[in-house]
>>> print(open('my_file32.tsv').read())   # TSV, C-alpha atoms
chain	number	residue	atom	x	y	z
F	410	MET	CA	16.51	90.85	134.35
F	411	ASP	CA	19.04	88.66	136.13
F	412	MET	CA	19.45	88.52	139.90
F	413	SER	CA	22.52	90.80	140.06
F	414	SER	CA	20.73	93.51	138.06
F	415	ARG	CA	17.66	93.13	140.21
F	416	LEU	CA	19.70	93.49	143.40
F	417	ALA	CA	21.31	96.65	142.03
F	418	VAL	CA	17.88	98.12	141.26
F	419	TRP	CA	16.63	97.17	144.73
F	420	GLN	CA	19.58	98.94	146.32
F	421	GLU	CA	19.00	102.05	144.23
F	422	LEU	CA	15.29	101.99	145.08
F	423	ALA	CA	16.04	101.64	148.79
F	424	GLU	CA	18.39	104.61	148.71
F	425	SER	CA	16.31	106.89	146.49
F	426	CYS	CA	12.81	105.99	147.67
F	427	GLY	CA	13.00	104.08	150.94
F	428	LEU	CA	15.08	106.48	153.00
F	429	ALA	CA	13.24	109.54	151.66
F	430	THR	CA	9.85	107.97	152.39
F	431	VAL	CA	10.75	107.08	155.98
F	432	GLN	CA	12.20	110.54	156.57
F	433	GLN	CA	9.18	112.34	155.20
F	434	GLY	CA	6.82	110.04	157.07
F	435	LEU	CA	8.51	110.78	160.39
F	436	GLU	CA	8.63	114.51	159.67
F	437	HIS	CA	4.87	114.57	159.16
F	438	VAL	CA	3.82	112.61	162.25
F	439	TRP	CA	6.32	113.28	165.03
F	440	ARG	CA	4.48	116.39	166.28
F	441	LEU	CA	1.20	114.50	166.44
F	442	VAL	CA	2.85	111.59	168.25
F	443	LEU	CA	4.37	114.00	170.78
F	444	LEU	CA	0.99	115.69	171.37
F	445	CYS	CA	-0.66	112.30	171.92
F	446	LEU	CA	2.01	111.32	174.45
F	447	ILE	CA	1.66	114.63	176.33
F	448	CYS	CA	-2.13	114.19	176.32
F	449	ARG	CA	-1.78	110.70	177.80
F	450	LEU	CA	0.55	111.90	180.56
F	451	CYS	CA	-1.74	114.80	181.43
F	452	PHE	CA	-4.79	112.55	181.62
F	453	ARG	CA	-2.86	110.26	183.96
F	454	LEU	CA	-1.33	112.90	186.20
F	455	ALA	CA	-3.95	115.69	186.28
F	456	ASP	CA	-6.27	116.06	189.26
F	457	THR	CA	-9.04	117.38	187.02
F	458	PRO	CA	-8.98	115.30	183.83
F	459	ALA	CA	-12.08	117.00	182.39
F	460	ALA	CA	-10.31	120.34	182.38
F	461	VAL	CA	-7.29	118.83	180.68
F	462	ALA	CA	-9.51	117.22	178.05
F	463	SER	CA	-11.11	120.56	177.38
F	464	SER	CA	-7.77	122.29	176.94
F	465	PHE	CA	-6.46	119.61	174.59
F	466	ARG	CA	-9.17	120.29	172.08
F	467	TRP	CA	-7.23	123.43	171.15
F	468	SER	CA	-4.00	121.48	170.73
F	469	SER	CA	-5.68	119.14	168.31
F	470	SER	CA	-7.64	121.80	166.46
F	471	SER	CA	-4.43	123.25	165.07
F	472	THR	CA	-3.87	120.02	163.13
F	473	SER	CA	-7.50	119.17	162.41
F	474	SER	CA	-7.26	120.64	158.92
F	475	LEU	CA	-4.92	117.66	158.09
F	476	GLY	CA	-7.31	115.09	159.40
F	477	SER	CA	-10.58	113.97	158.78
F	478	GLN	CA	-13.85	115.85	158.81
F	479	MET	CA	-15.45	112.45	158.35
F	480	VAL	CA	-14.39	111.29	161.83
F	481	VAL	CA	-15.74	114.48	163.42
F	482	ALA	CA	-19.08	113.97	161.66
F	483	MET	CA	-19.20	110.31	162.75
F	484	LYS	CA	-18.59	111.30	166.37
F	485	ALA	CA	-21.33	113.95	166.34
F	486	ILE	CA	-23.84	111.61	164.70
F	487	SER	CA	-23.07	108.69	167.02
F	488	LEU	CA	-23.38	110.92	170.08
F	489	ALA	CA	-26.79	112.11	168.90
F	490	PHE	CA	-27.96	108.51	168.42
F	491	ASP	CA	-26.56	107.44	171.80
F	492	LEU	CA	-28.32	110.31	173.56
F	493	ASP	CA	-31.58	109.40	171.86
F	494	ARG	CA	-31.22	105.71	172.74
F	495	GLY	CA	-30.14	106.41	176.31
F	496	THR	CA	-26.67	104.90	175.90
F	497	VAL	CA	-25.29	108.29	176.99
F	498	GLY	CA	-27.28	109.48	179.97
F	499	THR	CA	-26.76	113.23	179.98
F	500	LEU	CA	-26.02	115.89	177.40
F	501	PRO	CA	-22.29	116.69	177.53
F	502	SER	CA	-21.16	120.24	178.20
F	503	PRO	CA	-19.68	122.28	175.31
F	504	ALA	CA	-16.18	121.64	176.68
F	505	GLU	CA	-16.81	117.87	176.89
F	506	PHE	CA	-18.30	117.79	173.39
F	507	LEU	CA	-15.39	119.68	171.83
F	508	GLY	CA	-12.92	117.59	173.79
F	509	TYR	CA	-14.55	114.47	172.32
F	510	VAL	CA	-14.85	115.47	168.66
F	511	LEU	CA	-11.39	117.13	168.63
F	512	PHE	CA	-9.60	114.54	170.76
F	513	VAL	CA	-5.96	114.71	169.69
F	514	GLY	CA	-5.57	110.94	169.43
F	515	THR	CA	-8.26	110.58	166.74
F	516	VAL	CA	-8.97	113.94	165.11
F	517	VAL	CA	-6.28	113.77	162.43
F	518	PHE	CA	-6.23	110.16	161.20
F	519	GLY	CA	-9.11	108.65	163.18
F	520	PRO	CA	-10.37	106.20	164.18
F	521	TRP	CA	-13.91	106.80	165.36
F	522	ILE	CA	-14.41	106.08	169.05
F	523	SER	CA	-17.63	106.33	171.04
F	524	PHE	CA	-18.27	109.04	173.64
F	525	THR	CA	-18.21	106.37	176.35
F	526	SER	CA	-14.76	105.22	175.21
F	527	TYR	CA	-13.56	108.82	175.25
F	528	ASN	CA	-14.80	109.29	178.82
F	529	ASN	CA	-12.91	106.15	179.85
F	530	THR	CA	-9.81	107.64	178.24
F	531	VAL	CA	-10.13	110.89	180.16
F	532	GLU	CA	-10.10	108.95	183.44
F	533	GLY	CA	-6.46	108.16	182.75
F	534	ARG	CA	-5.57	104.49	183.06
F	535	LYS	CA	-2.14	103.71	184.50
F	536	LEU	CA	0.91	103.65	182.26
F	537	SER	CA	2.20	100.19	181.33
F	538	TRP	CA	4.66	98.45	179.07
F	539	SER	CA	1.80	96.80	177.17
F	540	TRP	CA	0.41	100.27	176.36
F	541	LEU	CA	3.76	101.52	175.10
F	542	ARG	CA	4.49	98.29	173.21
F	543	SER	CA	1.11	98.16	171.45
F	544	SER	CA	1.11	101.80	170.39
F	545	SER	CA	4.75	101.66	169.25
F	546	LEU	CA	4.15	98.47	167.26
F	547	SER	CA	1.25	100.10	165.42
F	548	LEU	CA	3.40	103.12	164.58
F	549	VAL	CA	6.14	100.86	163.21
F	550	LYS	CA	3.59	98.92	161.15
F	551	SER	CA	2.33	102.19	159.69
F	552	GLN	CA	5.80	103.13	158.44
F	553	ILE	CA	6.30	99.67	156.93
F	554	CYS	CA	2.98	99.99	155.09
F	555	LEU	CA	4.00	103.43	153.84
F	556	LEU	CA	7.20	101.93	152.45
F	557	VAL	CA	5.33	99.14	150.71
F	558	SER	CA	2.78	101.56	149.26
F	559	THR	CA	5.40	103.99	147.94
F	560	CYS	CA	8.46	101.92	147.09
F	561	ILE	CA	7.39	98.31	146.53
F	562	ALA	CA	3.80	98.02	145.26
F	563	PRO	CA	4.25	100.37	142.24
F	564	TYR	CA	7.17	98.20	141.07
F	565	LEU	CA	5.76	94.82	142.04
F	566	PHE	CA	5.85	93.32	138.52
F	567	PRO	CA	8.39	92.36	137.32
F	568	LEU	CA	10.95	93.96	139.66
F	569	PHE	CA	9.95	92.01	142.81
F	570	ILE	CA	7.81	89.26	141.25
F	571	PRO	CA	9.16	88.27	137.80
F	572	ILE	CA	5.87	88.08	135.89
F	573	TYR	CA	5.68	89.74	132.48
F	574	GLY	CA	2.76	88.48	130.40
F	575	ASN	CA	1.18	89.81	127.22
F	576	THR	CA	-0.69	93.06	126.61
F	577	PHE	CA	-3.90	91.77	128.21
F	578	THR	CA	-2.26	90.45	131.37
F	579	GLN	CA	-0.09	93.55	131.63
F	580	LYS	CA	-3.22	95.67	132.07
F	581	TRP	CA	-4.37	93.51	134.97
F	582	LEU	CA	-0.91	93.31	136.54
F	583	ARG	CA	-0.68	97.09	136.45
F	584	ALA	CA	-4.18	97.35	137.92
F	585	TYR	CA	-3.12	95.00	140.72
F	586	GLU	CA	-0.05	97.14	141.44
F	587	ILE	CA	-2.20	100.27	141.70
F	588	ALA	CA	-4.71	98.49	143.93
F	589	VAL	CA	-2.05	97.11	146.28
F	590	SER	CA	-0.40	100.53	146.55
F	591	PHE	CA	-3.77	102.02	147.46
F	592	HIS	CA	-4.45	99.24	149.97
F	593	PHE	CA	-1.18	99.80	151.80
F	594	SER	CA	-1.72	103.55	151.92
F	595	ASN	CA	-4.95	102.73	153.75
F	596	TYR	CA	-3.10	100.34	156.08
F	597	PHE	CA	-0.60	103.13	156.75
F	598	VAL	CA	-3.38	105.46	157.90
F	599	GLY	CA	-5.11	102.65	159.80
F	600	HIS	CA	-2.06	101.54	161.77
F	601	LEU	CA	-1.05	105.15	162.35
F	602	SER	CA	-4.49	105.87	163.79
F	603	GLU	CA	-4.14	102.81	166.03
F	604	GLY	CA	-0.82	104.12	167.32
F	605	THR	CA	-1.92	107.71	167.94
F	606	CYS	CA	-5.21	106.63	169.52
F	607	MET	CA	-3.57	104.21	171.96
F	608	LEU	CA	-0.68	106.58	172.64
F	609	ALA	CA	-3.20	109.24	173.71
F	610	GLY	CA	-4.86	106.73	176.06
F	611	ALA	CA	-7.80	105.34	174.08
F	612	GLY	CA	-8.29	101.99	172.38
F	613	PHE	CA	-8.29	99.51	175.26
F	614	THR	CA	-10.65	96.87	176.63
F	615	GLU	CA	-11.02	96.30	180.35
F	616	GLU	CA	-11.96	93.04	182.04
F	617	LYS	CA	-12.06	93.43	185.81
F	618	GLU	CA	-8.63	94.92	186.53
F	619	ASN	CA	-6.99	93.57	183.39
F	620	ILE	CA	-6.48	96.21	180.67
F	621	ARG	CA	-5.65	95.12	177.12
F	622	TRP	CA	-4.43	97.64	174.57
F	623	ASP	CA	-5.89	95.82	171.59
F	624	LEU	CA	-7.29	98.46	169.26
F	625	SER	CA	-7.51	97.14	165.70
F	626	VAL	CA	-8.41	99.45	162.82
F	627	VAL	CA	-7.29	97.40	159.80
F	628	LYS	CA	-6.58	93.74	159.09
F	629	PRO	CA	-4.32	93.67	156.02
F	630	LEU	CA	-4.20	89.87	155.71
F	631	SER	CA	-7.99	89.67	155.59
F	632	VAL	CA	-7.94	92.08	152.65
F	633	GLU	CA	-4.94	90.79	150.69
F	634	MET	CA	-5.87	87.12	151.23
F	635	PRO	CA	-9.64	87.43	151.59
F	636	ARG	CA	-12.25	84.80	152.21
F	637	SER	CA	-14.94	87.07	150.83
F	638	MET	CA	-15.68	90.67	149.87
F	639	VAL	CA	-17.93	90.89	152.94
F	640	LEU	CA	-14.91	90.32	155.21
F	641	VAL	CA	-12.83	92.70	153.09
F	642	VAL	CA	-15.30	95.51	153.77
F	643	THR	CA	-15.32	94.90	157.52
F	644	SER	CA	-11.52	94.53	157.68
F	645	TRP	CA	-10.80	97.68	155.65
F	646	ASN	CA	-11.76	100.02	158.49
F	647	ILE	CA	-13.10	98.11	161.50
F	648	PRO	CA	-14.34	101.07	163.61
F	649	MET	CA	-16.14	102.62	160.64
F	650	SER	CA	-17.66	99.27	159.75
F	651	ARG	CA	-19.01	98.98	163.28
F	652	TRP	CA	-20.30	102.56	163.15
F	653	LEU	CA	-22.15	101.95	159.88
F	654	LYS	CA	-23.62	98.69	161.15
F	655	LYS	CA	-24.75	100.17	164.47
F	656	TYR	CA	-26.09	103.55	163.36
F	657	VAL	CA	-27.09	103.02	159.72
F	658	PHE	CA	-27.57	99.38	158.72
F	659	LYS	CA	-29.63	98.31	161.74
F	660	SER	CA	-31.80	101.42	161.50
F	661	ALA	CA	-32.40	100.76	157.79
F	662	MET	CA	-33.17	97.02	158.13
F	663	LYS	CA	-36.90	97.78	158.22
F	664	LEU	CA	-36.55	98.61	154.50
F	665	GLY	CA	-35.21	95.13	153.73
F	666	THR	CA	-31.70	93.68	153.53
F	667	PHE	CA	-30.81	94.88	150.04
F	668	ALA	CA	-32.18	98.38	150.65
F	669	ALA	CA	-30.35	98.54	153.99
F	670	ILE	CA	-27.07	97.62	152.28
F	671	LEU	CA	-27.53	100.34	149.65
F	672	VAL	CA	-28.43	102.92	152.30
F	673	THR	CA	-25.33	101.93	154.29
F	674	TYR	CA	-23.00	102.34	151.32
F	675	MET	CA	-24.68	105.61	150.36
F	676	ALA	CA	-24.10	106.88	153.90
F	677	SER	CA	-20.45	105.84	153.61
F	678	ALA	CA	-20.18	107.71	150.31
F	679	LEU	CA	-21.67	110.83	151.91
F	680	LEU	CA	-19.18	110.66	154.78
F	681	HIS	CA	-16.31	110.31	152.30
F	682	GLY	CA	-17.36	113.46	150.47
F	683	LEU	CA	-19.61	112.07	147.70
F	684	SER	CA	-17.00	112.28	144.96
F	685	PHE	CA	-17.87	110.35	141.82
F	686	HIS	CA	-15.08	107.77	142.03
F	687	LEU	CA	-15.72	106.92	145.69
F	688	GLY	CA	-19.46	106.82	145.14
F	689	ALA	CA	-18.96	104.49	142.17
F	690	VAL	CA	-16.66	102.20	144.15
F	691	LEU	CA	-18.87	102.09	147.24
F	692	LEU	CA	-22.10	101.47	145.34
F	693	SER	CA	-20.33	98.76	143.32
F	694	LEU	CA	-19.18	97.25	146.61
F	695	GLY	CA	-22.77	97.26	147.80
F	696	PHE	CA	-23.92	95.17	144.83
F	697	ILE	CA	-20.85	92.90	144.97
F	698	THR	CA	-21.19	92.09	148.67
F	699	TYR	CA	-24.95	91.54	148.43
F	700	VAL	CA	-24.73	89.18	145.43
F	701	GLU	CA	-21.79	87.33	146.98
F	702	HIS	CA	-23.64	86.93	150.28
F	703	VAL	CA	-26.91	85.60	148.86
F	704	LEU	CA	-25.17	83.34	146.31
F	705	ARG	CA	-22.89	81.72	148.87
F	706	LYS	CA	-25.77	81.38	151.31
F	707	LYS	CA	-27.84	79.58	148.68
F	708	LEU	CA	-24.95	77.31	147.64
F	709	ALA	CA	-24.23	76.51	151.29
F	710	THR	CA	-27.84	75.40	151.69
F	711	ILE	CA	-27.84	73.31	148.50
F	712	PHE	CA	-24.55	71.53	149.25
F	713	SER	CA	-24.81	71.70	153.06
F	714	ALA	CA	-21.26	73.02	153.10
F	715	CYS	CA	-19.31	75.69	154.96
F	716	ILE	CA	-18.97	78.09	152.03
F	717	LEU	CA	-20.68	81.14	153.51
F	718	SER	CA	-19.14	84.61	153.26
F	719	ARG	CA	-18.15	84.37	156.91
F	720	PRO	CA	-16.51	81.30	158.49
F	721	CYS	CA	-18.94	78.90	160.11
F	722	THR	CA	-18.91	78.22	163.82
F	723	SER	CA	-17.70	74.82	165.02
F	724	ASP	CA	-21.27	73.73	165.84
F	725	CYS	CA	-22.86	74.67	162.50
F	726	SER	CA	-25.39	72.30	160.91
F	727	HIS	CA	-23.54	71.86	157.61
F	728	GLN	CA	-22.57	68.29	156.76
F	729	HIS	CA	-19.47	69.19	154.75
F	730	LYS	CA	-16.92	71.33	156.54
F	731	LYS	CA	-13.31	70.63	155.60
F	732	GLU	CA	-13.51	68.42	152.54
F	733	TYR	CA	-11.18	69.29	149.67
F	734	TRP	CA	-13.98	70.45	147.38
F	735	VAL	CA	-15.28	72.77	150.12
F	736	MET	CA	-11.85	74.33	150.53
F	737	LEU	CA	-11.56	74.59	146.73
F	738	LEU	CA	-14.87	76.44	146.47
F	739	ASN	CA	-13.82	78.85	149.20
F	740	LEU	CA	-10.51	79.35	147.37
F	741	VAL	CA	-12.39	80.18	144.15
F	742	PHE	CA	-14.39	82.84	145.98
F	743	SER	CA	-11.16	84.16	147.48
F	744	PHE	CA	-9.62	84.61	144.03
F	745	LEU	CA	-12.86	86.22	142.89
F	746	ALA	CA	-12.58	88.71	145.76
F	747	ILE	CA	-8.99	89.53	144.74
F	748	PHE	CA	-10.24	90.05	141.19
F	749	HIS	CA	-12.91	92.50	142.40
F	750	LEU	CA	-10.39	94.33	144.59
F	751	THR	CA	-7.99	94.70	141.66
F	752	TYR	CA	-10.74	96.07	139.47
F	753	LEU	CA	-12.13	98.50	142.05
F	754	GLY	CA	-8.70	99.71	143.14
F	755	SER	CA	-7.37	100.25	139.64
F	756	MET	CA	-8.53	103.89	139.53
F	757	PHE	CA	-6.55	105.00	142.58
F	758	ASP	CA	-3.38	105.74	140.66
F	759	SER	CA	-0.81	107.52	142.84
F	760	GLY	CA	0.83	108.87	139.70
F	761	ASN	CA	-2.01	111.32	139.11
F	762	ASP	CA	-1.82	114.99	139.94
F	763	GLU	CA	-1.87	115.51	143.73
F	764	GLN	CA	-4.66	118.10	143.54
F	765	GLU	CA	-6.77	115.70	141.52
F	766	VAL	CA	-6.27	112.99	144.13
F	767	GLU	CA	-7.24	115.34	146.98
F	768	GLU	CA	-10.34	116.74	145.26
F	769	GLY	CA	-11.49	113.43	143.82
F	770	TYR	CA	-10.92	111.84	140.46
F	771	ALA	CA	-13.06	113.09	137.59
F	772	ALA	CA	-15.84	110.84	136.32
F	773	ILE	CA	-14.00	110.34	133.05
F	774	HIS	CA	-11.02	108.89	134.94
F	775	THR	CA	-13.20	106.24	136.60
F	776	ILE	CA	-14.99	105.36	133.37
F	777	GLN	CA	-11.70	105.17	131.46
F	778	ARG	CA	-10.04	102.88	134.03
F	779	TRP	CA	-12.94	100.45	134.13
F	780	SER	CA	-13.37	100.57	130.36
F	781	GLU	CA	-9.74	99.51	129.95
F	782	LEU	CA	-10.61	96.44	132.02
F	783	ASN	CA	-13.78	95.84	129.98
F	784	TRP	CA	-16.08	96.44	132.97
F	785	ALA	CA	-15.14	92.91	133.96
F	786	SER	CA	-16.10	93.03	137.63
F	787	HIS	CA	-19.54	94.46	136.91
F	788	TRP	CA	-20.16	91.74	134.32
F	789	VAL	CA	-19.09	89.03	136.79
F	790	VAL	CA	-21.47	90.41	139.41
F	791	PHE	CA	-24.31	90.48	136.89
F	792	VAL	CA	-23.65	86.88	135.79
F	793	SER	CA	-23.41	85.80	139.45
F	794	TRP	CA	-26.75	87.44	140.17
F	795	VAL	CA	-28.38	85.74	137.16
F	796	PHE	CA	-26.95	82.40	138.32
F	797	TYR	CA	-28.32	83.00	141.81
F	798	ARG	CA	-31.78	83.74	140.43
F	799	LEU	CA	-31.68	80.58	138.32
F	800	ILE	CA	-30.97	78.33	141.31
F	801	GLN	CA	-33.57	79.98	143.49
>>> encode(input="my_file32.tsv", output="structure tokens")
Amino acid sequence: MDMSSRLAVWQELAESCGLATVQQGLEHVWRLVLLCLICRLCFRLADTPAAVASSFRWSSSSTSSLGSQMVVAMKAISLAFDLDRGTVGTLPSPAEFLGYVLFVGTVVFGPWISFTSYNNTVEGRKLSWSWLRSSSLSLVKSQICLLVSTCIAPYLFPLFIPIYGNTFTQKWLRAYEIAVSFHFSNYFVGHLSEGTCMLAGAGFTEEKENIRWDLSVVKPLSVEMPRSMVLVVTSWNIPMSRWLKKYVFKSAMKLGTFAAILVTYMASALLHGLSFHLGAVLLSLGFITYVEHVLRKKLATIFSACILSRPCTSDCSHQHKKEYWVMLLNLVFSFLAIFHLTYLGSMFDSGNDEQEVEEGYAAIHTIQRWSELNWASHWVVFVSWVFYRLIQ
């Protein structure tokens, strides 16, 4: 396809897909955005913020069927843990509890926030340009991610990137397209949740009298250009990652590191509804991240090099930090992470029936997708684990 033909296709795609996607996206979120803004103004202007918070639970409950039961469950569980640990001093009233779990800024798309953060929100910090700029920027990012997910990623090869390949490479290129489309749909929800949360008054850090609206739910660059699968998992949904680490992983560490990792991913699968395809992906992620972590830790010790799953601090004890071979090894692990992400994301095909997507893909769909790719990622993890055991 020559450049003139490609430009014509791009123009047609922009008109037929781009404009429709933006229009539908705005139609679905403008009411929620308006509710979040009204909530923020009421928290700021009301003399009795607690009463306003209580009343806004009803505003949000009308849209809670579109959002996430997972976030409500996470809030209830975290509150129970915080009460038991003494982080939250007193049992909240029914109105405070409902106001927290059905807070309009988080009940539809998330993210999870702690009860303490919610109480700080109810106090109503002053309006500022930084608040409006940060929330608006996140909302714009969400629409851009929706466009990429719907109108660019499914046509990535060869329409935008002229790579064709043979039958074997075509399977992997198509798998990568599906994975990227799925990734950006997650970024859409993540950035949208950032925007609605901050617009409603949550998602800030306070140092003395300086307030920073710096809520971060997703880090797309850390996923699309990853250093490791460990960082991919934490960057995919930052608040949920913190929740799992604080309330599940640390509590399960008495069972051992590997057992704690499996328990954490099982808890994540339960929160996501325990469908077969999500359970398969999350448990596979558990094995992948564990093997990657222990292998890189062992290699870092053998070579005294900064090749751990997470970047080393400037004062680490490794002798080799920025040599070319160290950067090359980290690059190899980065490409390996992209390979795993392509494999795991290949089943999330947006072309499937909408009801099937909502209810969860059948087991046969997952098995078929991974069979087409020869179970490659699972074999790589197994070989990596064998290699790790050999160098122990």
>>> residues_around(input="my_file32.tsv", residues="Leu422 (chain F)", least_positions_apart="2", cutoff="12 Å", atoms="all atoms listed in the file", output="ChimeraX atom specification")
/F:415-420,424-430,556-557,559-561,563-564,568-569
>>> residues_around(input="my_file32.tsv", residues="Ile553 (chain F)", least_positions_apart="4", cutoff="9 Å", atoms="only C-alpha atoms", output="PyMOL selection string")
chain F and resi 431+548-549+557-558+597
>>> closest_residue(input="my_file32.tsv", among="F:Ser594, F:Asn528, F:Ser544, F:Ser650", to="Ala562 (chain F)", atoms="all atoms listed in the file")
F:Ser594
>>> atom_distance(input="my_file32.tsv", atom1="CA of Trp521 (chain F)", atom2="CA of Pro648 (chain F)")
6.0 Å
>>> closest_residue(input="my_file32.tsv", among="F:Val657, F:Leu546, F:Cys448, F:Thr578", to="Leu624 (chain F)", atoms="only C-alpha atoms")
F:Leu546
>>> residues_around(input="my_file32.tsv", residues="Ala772 (chain F)", least_positions_apart="2", cutoff="7 Å", atoms="only C-alpha atoms", output="JSON, numbers by chain")
{"F": [685, 686, 770, 774, 775, 776]}
>>> write_last_selection(input="my_file32.tsv", atoms="C-alpha atoms", output="PDB file, in the frame of the given file")
ATOM      1  CA  PHE F 685     -17.870 110.350 141.820  1.00  0.00           C
ATOM      2  CA  HIS F 686     -15.080 107.770 142.030  1.00  0.00           C
ATOM      3  CA  TYR F 770     -10.920 111.840 140.460  1.00  0.00           C
ATOM      4  CA  HIS F 774     -11.020 108.890 134.940  1.00  0.00           C
ATOM      5  CA  THR F 775     -13.200 106.240 136.600  1.00  0.00           C
ATOM      6  CA  ILE F 776     -14.990 105.360 133.370  1.00  0.00           C
TER       7      ILE F 776
END
>>> closest_residue(input="my_file32.tsv", among="F:Asp493, F:Lys663, F:Ala609, F:Met479", to="Ser677 (chain F)", atoms="all atoms listed in the file")
F:Met479
>>> closest_residue(input="my_file32.tsv", among="F:Ala661, F:Ala584, F:Phe796, F:Ala678", to="His749 (chain F)", atoms="all atoms listed in the file")
F:Ala584
>>> residues_near_point(input="my_file32.tsv", point="(-4.4, 94.9, 148.9)", cutoff="8 Å", atoms="all atoms listed in the file", output="MDAnalysis selection string")
chainID F and resid 588:593 629 632:633 750
>>> residues_around(input="my_file32.tsv", residues="Tyr797 (chain F)", least_positions_apart="4", cutoff="7 Å", atoms="all atoms listed in the file", output="list in words")
Leu704, Ser793 and Gln801 of chain F
